[in-house]
Amino acid sequence: GESVGLHLPTLSVQEGDNSIINCAYSNSASDYFIWYKQESGKGPQFIIDIRSNMDKRQGQRVTVLLNKTVKHLSLQIAATQPGDSAVYFCAENIGSPDKLIFGTGTRLQVFP
Amino acid sequence: DTEVTQTPKHLVMGMTNKKSLKCEQHMGHRAMYWYKQKAKKPPELMFVYSYEKLSINESVPSRFSPECPNSSLLNLHLHALQPEDSALYLCASSQEGGGSQPQHFGDGTRLSIL
């Protein structure tokens with residue numbers, strides 16, 4: 001079936017290092033992808049998005065890369081900070097225009 | 001602070017109770033969503049409203065009844081819930097239901113069914 005999955009359930013990094021969170025998707029028809037950050041006790045917070053006609057998009061300290069050939073999405077966080085500690089979800093828009101499917105999530109832990 | 005406001009933040013109810021969850025946004029968004037999130041799991045879509053009309057119902061049991069009184073408000077009426085319905089209920093909104101626009105989430109209502 002269609003699914004959005006993540007390779008690593010938990011990622012531990014040292015403060016100041018760069019983080020890379022990966023995501024695989026299976027629906028080649030997906031044309032829009034979003035990364036969300038969810039802190040404990042809060043709802044998912046929009047980080048960055050990318051459309052399928054792009055390979056890369058940059059924000060403040062974050063970069064999303066899309067490889068349609070292998071159906072892979074990644075989120076790169078530069079100079080990771082303690083405040084980046086959270087669960088990160090990728091999500092894809094598939095089929096029905098309003099339907100967003102979330103990946104299983106990766107917990108990012110930042111150590112001093 | 002989120003621009004999607006959900007109330008209450010916490011709710012404890014018995015299986016015979018009737019309660020409602022409320023969601024409000026003032027961003028002029030025309031699409032609103034309800035999601036259910038169990039612990040350590042991703043959010044799962046329940047309902048989508050587009051221009052105040054229900055456009056998607058993900059085969060949700062009838063004990064959950066959504067309502068969209070106007071473009072800024074979204075309710076979820078609860079009746080005869082089961083213990084397995086205990087979860088975080090998230091509301092989201094987006095500019096339109098066209099797909100290629102981010103959904104913005106509230107902080108949810110944590111629901112516990114006794």
# chains A, B, ... in the order shown; residues from 1 in each chain; ligands from 1
>>> residues_around(residues="Pro112 (chain A)", least_positions_apart="2", cutoff="7 Å", atoms="only C-alpha atoms", output="list of chain:residue names")
A:Gln14, A:Glu15, A:Val110
>>> residues_around(residues="Ser20 (chain B)", least_positions_apart="5", cutoff="7 Å", atoms="only C-alpha atoms", output="list of chain:residue names")
B:Asn75, B:Leu76, B:His77, B:Leu78
>>> write_last_selection(atoms="N, CA, C and O atoms", output="PDB file, in the first residue's frame")
ATOM      1  N   ASN B  75     -16.125  22.216  14.876  1.00  0.00           N
ATOM      2  CA  ASN B  75     -16.432  21.484  16.095  1.00  0.00           C
ATOM      3  C   ASN B  75     -16.346  19.985  15.836  1.00  0.00           C
ATOM      4  O   ASN B  75     -16.510  19.521  14.705  1.00  0.00           O
ATOM      5  N   LEU B  76     -16.113  19.257  16.901  1.00  0.00           N
ATOM      6  CA  LEU B  76     -16.182  17.802  16.839  1.00  0.00           C
ATOM      7  C   LEU B  76     -17.011  17.336  18.027  1.00  0.00           C
ATOM      8  O   LEU B  76     -16.598  17.477  19.175  1.00  0.00           O
ATOM      9  N   HIS B  77     -18.215  16.844  17.731  1.00  0.00           N
ATOM     10  CA  HIS B  77     -19.132  16.406  18.772  1.00  0.00           C
ATOM     11  C   HIS B  77     -18.869  14.926  19.071  1.00  0.00           C
ATOM     12  O   HIS B  77     -18.726  14.112  18.164  1.00  0.00           O
ATOM     13  N   LEU B  78     -18.808  14.643  20.363  1.00  0.00           N
ATOM     14  CA  LEU B  78     -18.441  13.309  20.830  1.00  0.00           C
ATOM     15  C   LEU B  78     -19.580  12.691  21.617  1.00  0.00           C
ATOM     16  O   LEU B  78     -20.178  13.358  22.470  1.00  0.00           O
TER      17      LEU B  78
END
>>> atom_distance(atom1="CA of Met32 (chain B)", atom2="CA of Ser94 (chain B)")
6.5 Å
>>> closest_residue(among="A:Gln45, A:Gln58, A:Thr80, A:Ser85", to="chain B", atoms="only C-alpha atoms")
A:Gln45
>>> residues_around(residues="Asp84 (chain A)", least_positions_apart="6", cutoff="10 Å", atoms="only C-alpha atoms", output="list of chain:residue names")
A:Glu15, A:Ser19, A:Lys37, A:Gln38, A:Glu39, A:Ile77, A:Leu108, A:Gln109, A:Val110
>>> residues_around(residues="region 39-48 of chain B", least_positions_apart="5", cutoff="8 Å", atoms="only C-alpha atoms", output="list in words")
Phe89, Asp98, Lys99, Leu100, Ile101, Phe102, Gly103, Thr104 and Gly105 of chain A; Ala31, Met32, Tyr33, Trp34, Leu54, Ser55, Ile56, Asn57, Glu58, Ser59, Val60, Pro66, Ala87, Leu88 and Leu90 of chain B
>>> write_last_selection(atoms="N, CA and C atoms", output="PDB file, in the first residue's frame")
ATOM      1  N   PHE A  89       8.169  14.907  11.471  1.00  0.00           N
ATOM      2  CA  PHE A  89       7.346  14.117  10.560  1.00  0.00           C
ATOM      3  C   PHE A  89       7.468  14.662   9.148  1.00  0.00           C
ATOM      4  N   ASP A  98      -7.042  17.049  -0.588  1.00  0.00           N
ATOM      5  CA  ASP A  98      -6.859  17.491   0.782  1.00  0.00           C
ATOM      6  C   ASP A  98      -6.174  16.477   1.674  1.00  0.00           C
ATOM      7  N   LYS A  99      -5.809  15.341   1.167  1.00  0.00           N
ATOM      8  CA  LYS A  99      -5.340  14.270   2.029  1.00  0.00           C
ATOM      9  C   LYS A  99      -3.841  14.317   2.219  1.00  0.00           C
ATOM     10  N   LEU A 100      -3.439  14.494   3.477  1.00  0.00           N
ATOM     11  CA  LEU A 100      -2.025  14.550   3.841  1.00  0.00           C
ATOM     12  C   LEU A 100      -1.710  13.288   4.621  1.00  0.00           C
ATOM     13  N   ILE A 101      -0.720  12.529   4.174  1.00  0.00           N
ATOM     14  CA  ILE A 101      -0.316  11.300   4.850  1.00  0.00           C
ATOM     15  C   ILE A 101       1.029  11.528   5.527  1.00  0.00           C
ATOM     16  N   PHE A 102       1.076  11.218   6.827  1.00  0.00           N
ATOM     17  CA  PHE A 102       2.284  11.445   7.611  1.00  0.00           C
ATOM     18  C   PHE A 102       3.149  10.202   7.670  1.00  0.00           C
ATOM     19  N   GLY A 103       4.442  10.425   7.716  1.00  0.00           N
ATOM     20  CA  GLY A 103       5.385   9.352   7.993  1.00  0.00           C
ATOM     21  C   GLY A 103       5.356   8.998   9.464  1.00  0.00           C
ATOM     22  N   THR A 104       6.140   7.992   9.833  1.00  0.00           N
ATOM     23  CA  THR A 104       6.085   7.472  11.192  1.00  0.00           C
ATOM     24  C   THR A 104       6.789   8.355  12.211  1.00  0.00           C
ATOM     25  N   GLY A 105       7.645   9.272  11.781  1.00  0.00           N
ATOM     26  CA  GLY A 105       8.288  10.201  12.695  1.00  0.00           C
ATOM     27  C   GLY A 105       9.693   9.801  13.099  1.00  0.00           C
TER      28      GLY A 105
ATOM     29  N   ALA B  31     -10.175  25.783   4.367  1.00  0.00           N
ATOM     30  CA  ALA B  31     -10.178  24.337   4.583  1.00  0.00           C
ATOM     31  C   ALA B  31      -9.777  24.063   6.027  1.00  0.00           C
ATOM     32  N   MET B  32     -10.514  23.165   6.685  1.00  0.00           N
ATOM     33  CA  MET B  32     -10.222  22.816   8.080  1.00  0.00           C
ATOM     34  C   MET B  32     -10.300  21.309   8.241  1.00  0.00           C
ATOM     35  N   TYR B  33      -9.518  20.808   9.182  1.00  0.00           N
ATOM     36  CA  TYR B  33      -9.292  19.372   9.289  1.00  0.00           C
ATOM     37  C   TYR B  33      -9.352  18.923  10.748  1.00  0.00           C
ATOM     38  N   TRP B  34      -9.767  17.690  10.970  1.00  0.00           N
ATOM     39  CA  TRP B  34      -9.616  17.010  12.256  1.00  0.00           C
ATOM     40  C   TRP B  34      -8.705  15.800  12.059  1.00  0.00           C
ATOM     41  N   LEU B  54     -18.386  19.332   4.213  1.00  0.00           N
ATOM     42  CA  LEU B  54     -17.604  18.136   4.489  1.00  0.00           C
ATOM     43  C   LEU B  54     -17.167  17.512   3.167  1.00  0.00           C
ATOM     44  N   SER B  55     -15.860  17.400   2.955  1.00  0.00           N
ATOM     45  CA  SER B  55     -15.371  16.843   1.695  1.00  0.00           C
ATOM     46  C   SER B  55     -14.729  15.472   1.872  1.00  0.00           C
ATOM     47  N   ILE B  56     -14.229  15.176   3.070  1.00  0.00           N
ATOM     48  CA  ILE B  56     -13.629  13.869   3.324  1.00  0.00           C
ATOM     49  C   ILE B  56     -14.037  13.377   4.711  1.00  0.00           C
ATOM     50  N   ASN B  57     -14.496  12.149   4.766  1.00  0.00           N
ATOM     51  CA  ASN B  57     -14.742  11.438   6.025  1.00  0.00           C
ATOM     52  C   ASN B  57     -13.975  10.131   5.893  1.00  0.00           C
ATOM     53  N   GLU B  58     -12.931   9.975   6.697  1.00  0.00           N
ATOM     54  CA  GLU B  58     -12.082   8.795   6.575  1.00  0.00           C
ATOM     55  C   GLU B  58     -12.685   7.597   7.322  1.00  0.00           C
ATOM     56  N   SER B  59     -13.934   7.295   6.999  1.00  0.00           N
ATOM     57  CA  SER B  59     -14.613   6.140   7.612  1.00  0.00           C
ATOM     58  C   SER B  59     -14.557   6.196   9.135  1.00  0.00           C
ATOM     59  N   VAL B  60     -14.807   7.389   9.659  1.00  0.00           N
ATOM     60  CA  VAL B  60     -14.779   7.585  11.108  1.00  0.00           C
ATOM     61  C   VAL B  60     -16.101   7.108  11.714  1.00  0.00           C
ATOM     62  N   PRO B  66     -18.628  15.753  13.107  1.00  0.00           N
ATOM     63  CA  PRO B  66     -18.042  17.072  12.891  1.00  0.00           C
ATOM     64  C   PRO B  66     -19.103  18.094  12.499  1.00  0.00           C
ATOM     65  N   ALA B  87      -6.989   9.920  22.976  1.00  0.00           N
ATOM     66  CA  ALA B  87      -5.939  10.339  22.044  1.00  0.00           C
ATOM     67  C   ALA B  87      -5.830  11.854  22.095  1.00  0.00           C
ATOM     68  N   LEU B  88      -4.888  12.383  21.312  1.00  0.00           N
ATOM     69  CA  LEU B  88      -4.780  13.816  21.085  1.00  0.00           C
ATOM     70  C   LEU B  88      -5.535  14.124  19.793  1.00  0.00           C
ATOM     71  N   LEU B  90      -6.308  16.783  16.997  1.00  0.00           N
ATOM     72  CA  LEU B  90      -5.701  17.966  16.411  1.00  0.00           C
ATOM     73  C   LEU B  90      -6.607  18.570  15.347  1.00  0.00           C
TER      74      LEU B  90
END
>>> closest_residue(among="B:His10, B:His79, B:His104, B:His29", to="chain A", atoms="only C-alpha atoms")
B:His104
>>> interface_residues(of="chain A", to="chain B", cutoff="10 Å", atoms="only C-alpha atoms", output="PyMOL selection string")
chain A and resi 31-36+38-51+87-107
>>> write_last_selection(atoms="N, CA and C atoms", output="compact mmCIF listing (two decimals), in the first residue's frame")
# COMPACT_ATOMS: atom_id res chain seq x y z
N ASP A 31 2.72 15.05 -5.14
CA ASP A 31 3.30 16.24 -5.75
C ASP A 31 3.62 17.34 -4.76
N TYR A 32 3.43 17.05 -3.48
CA TYR A 32 3.67 18.10 -2.47
C TYR A 32 4.07 17.42 -1.18
N PHE A 33 5.12 17.95 -0.55
CA PHE A 33 5.68 17.34 0.65
C PHE A 33 5.94 18.41 1.70
N ILE A 34 5.73 18.03 2.95
CA ILE A 34 5.91 18.98 4.05
C ILE A 34 6.70 18.29 5.17
N TRP A 35 7.52 19.07 5.84
CA TRP A 35 8.16 18.64 7.08
C TRP A 35 7.54 19.40 8.25
N TYR A 36 7.20 18.63 9.30
CA TYR A 36 6.66 19.21 10.51
C TYR A 36 7.55 18.85 11.70
N GLN A 38 7.23 18.44 15.88
CA GLN A 38 6.26 18.36 16.97
C GLN A 38 7.00 18.23 18.29
N GLU A 39 6.84 19.25 19.12
CA GLU A 39 7.40 19.23 20.47
C GLU A 39 6.38 18.63 21.43
N SER A 40 6.88 18.17 22.54
CA SER A 40 6.04 17.51 23.52
C SER A 40 4.90 18.43 23.97
N GLY A 41 3.67 17.93 23.91
CA GLY A 41 2.53 18.70 24.36
C GLY A 41 2.02 19.73 23.36
N LYS A 42 2.57 19.71 22.16
CA LYS A 42 2.16 20.69 21.15
C LYS A 42 1.73 20.00 19.86
N GLY A 43 1.08 20.77 19.00
CA GLY A 43 0.72 20.25 17.70
C GLY A 43 1.88 20.34 16.73
N PRO A 44 1.78 19.67 15.59
CA PRO A 44 2.84 19.76 14.58
C PRO A 44 3.01 21.19 14.09
N GLN A 45 4.26 21.59 13.97
CA GLN A 45 4.58 22.94 13.53
C GLN A 45 5.22 22.87 12.14
N PHE A 46 4.66 23.61 11.20
CA PHE A 46 5.19 23.64 9.84
C PHE A 46 6.63 24.14 9.82
N ILE A 47 7.50 23.39 9.12
CA ILE A 47 8.90 23.82 8.99
C ILE A 47 9.17 24.31 7.58
N ILE A 48 8.94 23.44 6.61
CA ILE A 48 9.27 23.75 5.22
C ILE A 48 8.51 22.80 4.32
N ASP A 49 8.24 23.24 3.10
CA ASP A 49 7.56 22.38 2.14
C ASP A 49 8.29 22.42 0.81
N ILE A 50 7.93 21.48 -0.05
CA ILE A 50 8.54 21.43 -1.37
C ILE A 50 7.56 20.79 -2.34
N ARG A 51 7.51 21.32 -3.55
CA ARG A 51 6.67 20.74 -4.58
C ARG A 51 7.49 19.82 -5.46
N VAL A 87 10.06 15.63 17.70
CA VAL A 87 9.78 14.58 16.71
C VAL A 87 9.50 15.27 15.38
N TYR A 88 10.12 14.78 14.34
CA TYR A 88 9.97 15.35 13.01
C TYR A 88 9.19 14.38 12.12
N PHE A 89 8.17 14.91 11.47
CA PHE A 89 7.35 14.12 10.56
C PHE A 89 7.47 14.66 9.15
N CYS A 90 7.63 13.76 8.18
CA CYS A 90 7.42 14.15 6.81
C CYS A 90 5.97 13.82 6.45
N ALA A 91 5.44 14.51 5.48
CA ALA A 91 4.07 14.26 5.06
C ALA A 91 3.98 14.48 3.56
N GLU A 92 3.15 13.67 2.91
CA GLU A 92 2.96 13.83 1.48
C GLU A 92 1.49 13.99 1.16
N ASN A 93 1.25 14.75 0.11
CA ASN A 93 -0.12 14.92 -0.36
C ASN A 93 -0.34 13.93 -1.49
N ILE A 94 -1.31 13.05 -1.30
CA ILE A 94 -1.53 12.01 -2.29
C ILE A 94 -2.99 11.97 -2.71
N GLY A 95 -3.23 11.60 -3.92
CA GLY A 95 -4.57 11.33 -4.40
C GLY A 95 -5.49 12.50 -4.20
N SER A 96 -6.45 12.32 -3.31
CA SER A 96 -7.41 13.36 -2.99
C SER A 96 -6.67 14.65 -2.67
N PRO A 97 -7.11 15.78 -3.15
CA PRO A 97 -6.39 17.04 -2.96
C PRO A 97 -6.12 17.40 -1.51
N ASP A 98 -7.04 17.05 -0.59
CA ASP A 98 -6.86 17.49 0.78
C ASP A 98 -6.17 16.48 1.67
N LYS A 99 -5.81 15.34 1.17
CA LYS A 99 -5.34 14.27 2.03
C LYS A 99 -3.84 14.32 2.22
N LEU A 100 -3.44 14.49 3.48
CA LEU A 100 -2.02 14.55 3.84
C LEU A 100 -1.71 13.29 4.62
N ILE A 101 -0.72 12.53 4.17
CA ILE A 101 -0.32 11.30 4.85
C ILE A 101 1.03 11.53 5.53
N PHE A 102 1.08 11.22 6.83
CA PHE A 102 2.28 11.45 7.61
C PHE A 102 3.15 10.20 7.67
N GLY A 103 4.44 10.43 7.72
CA GLY A 103 5.38 9.35 7.99
C GLY A 103 5.36 9.00 9.46
N THR A 104 6.14 7.99 9.83
CA THR A 104 6.08 7.47 11.19
C THR A 104 6.79 8.36 12.21
N GLY A 105 7.64 9.27 11.78
CA GLY A 105 8.29 10.20 12.70
C GLY A 105 9.69 9.80 13.10
N THR A 106 10.55 10.79 13.31
CA THR A 106 11.90 10.60 13.83
C THR A 106 12.08 11.52 15.02
N ARG A 107 12.56 10.94 16.13
CA ARG A 107 12.85 11.77 17.30
C ARG A 107 14.28 12.27 17.19
>>> atom_distance(atom1="CA of Gly14 (chain B)", atom2="CA of Ser86 (chain B)")
10.9 Å
>>> select_by_dssp(residues="chain B", states="strand (DSSP E)", output="number ranges by chain")
B: 4-7, 10-13, 18-25, 31-37, 44-50, 53-57, 64-70, 73-79, 87-94, 104-105, 109-113
>>> write_last_selection(atoms="C-alpha atoms", output="compact mmCIF listing (two decimals), in the first residue's frame")
# COMPACT_ATOMS: atom_id res chain seq x y z
CA VAL B 4 -5.25 27.70 15.36
CA THR B 5 -6.88 27.65 18.79
CA GLN B 6 -8.35 24.49 20.26
CA THR B 7 -10.45 24.17 23.39
CA HIS B 10 -7.70 18.52 28.20
CA LEU B 11 -10.96 16.60 28.49
CA VAL B 12 -11.88 13.61 30.60
CA MET B 13 -15.24 12.02 29.92
CA LYS B 18 -21.65 14.00 25.31
CA LYS B 19 -19.00 16.64 24.80
CA SER B 20 -17.66 18.86 22.02
CA LEU B 21 -14.20 19.89 20.92
CA LYS B 22 -13.80 23.33 19.41
CA CYS B 23 -11.36 24.80 16.93
CA GLU B 24 -11.03 28.37 15.72
CA GLN B 25 -8.82 30.11 13.19
CA ALA B 31 -10.18 24.34 4.58
CA MET B 32 -10.22 22.82 8.08
CA TYR B 33 -9.29 19.37 9.29
CA TRP B 34 -9.62 17.01 12.26
CA TYR B 35 -6.85 14.53 13.02
CA LYS B 36 -6.44 11.89 15.71
CA GLN B 37 -3.00 11.19 17.15
CA GLU B 44 -4.29 10.34 11.20
CA LEU B 45 -6.82 12.26 9.15
CA MET B 46 -10.44 12.04 10.27
CA PHE B 47 -12.41 14.77 8.47
CA VAL B 48 -11.88 17.56 5.97
CA TYR B 49 -14.09 20.60 5.47
CA SER B 50 -13.63 22.73 2.39
CA LYS B 53 -18.74 21.58 3.40
CA LEU B 54 -17.60 18.14 4.49
CA SER B 55 -15.37 16.84 1.70
CA ILE B 56 -13.63 13.87 3.32
CA ASN B 57 -14.74 11.44 6.03
CA PHE B 64 -17.65 11.36 16.17
CA SER B 65 -19.73 14.06 14.48
CA PRO B 66 -18.04 17.07 12.89
CA GLU B 67 -19.65 20.44 12.34
CA CYS B 68 -18.47 23.59 10.59
CA PRO B 69 -20.74 26.49 11.66
CA ASN B 70 -18.73 29.03 9.65
CA LEU B 73 -15.00 27.47 13.40
CA LEU B 74 -14.85 23.71 13.48
CA ASN B 75 -16.43 21.48 16.09
CA LEU B 76 -16.18 17.80 16.84
CA HIS B 77 -19.13 16.41 18.77
CA LEU B 78 -18.44 13.31 20.83
CA HIS B 79 -20.97 10.77 22.08
CA ALA B 87 -5.94 10.34 22.04
CA LEU B 88 -4.78 13.82 21.08
CA TYR B 89 -7.27 15.42 18.69
CA LEU B 90 -5.70 17.97 16.41
CA CYS B 91 -7.36 20.62 14.31
CA ALA B 92 -5.65 22.15 11.29
CA SER B 93 -6.45 24.69 8.62
CA SER B 94 -5.11 25.67 5.22
CA HIS B 104 -1.34 24.74 10.18
CA PHE B 105 -2.12 22.86 13.38
CA THR B 109 -7.22 18.52 22.85
CA ARG B 110 -5.98 15.60 24.92
CA LEU B 111 -9.00 13.37 25.41
CA SER B 112 -9.24 10.63 28.01
CA ILE B 113 -12.20 8.24 28.07
>>> atom_distance(atom1="CA of Ile21 (chain A)", atom2="CA of Thr63 (chain A)")
10.6 Å
>>> closest_residue(among="A:Ala79, A:Leu11, A:Ala29, A:Cys23", to="Gln60 (chain A)", atoms="only C-alpha atoms")
A:Ala79
>>> residues_around(residues="Met15 (chain B)", least_positions_apart="3", cutoff="6 Å", atoms="only C-alpha atoms", output="list in words")
Ala80, Leu81 and Gln82 of chain B
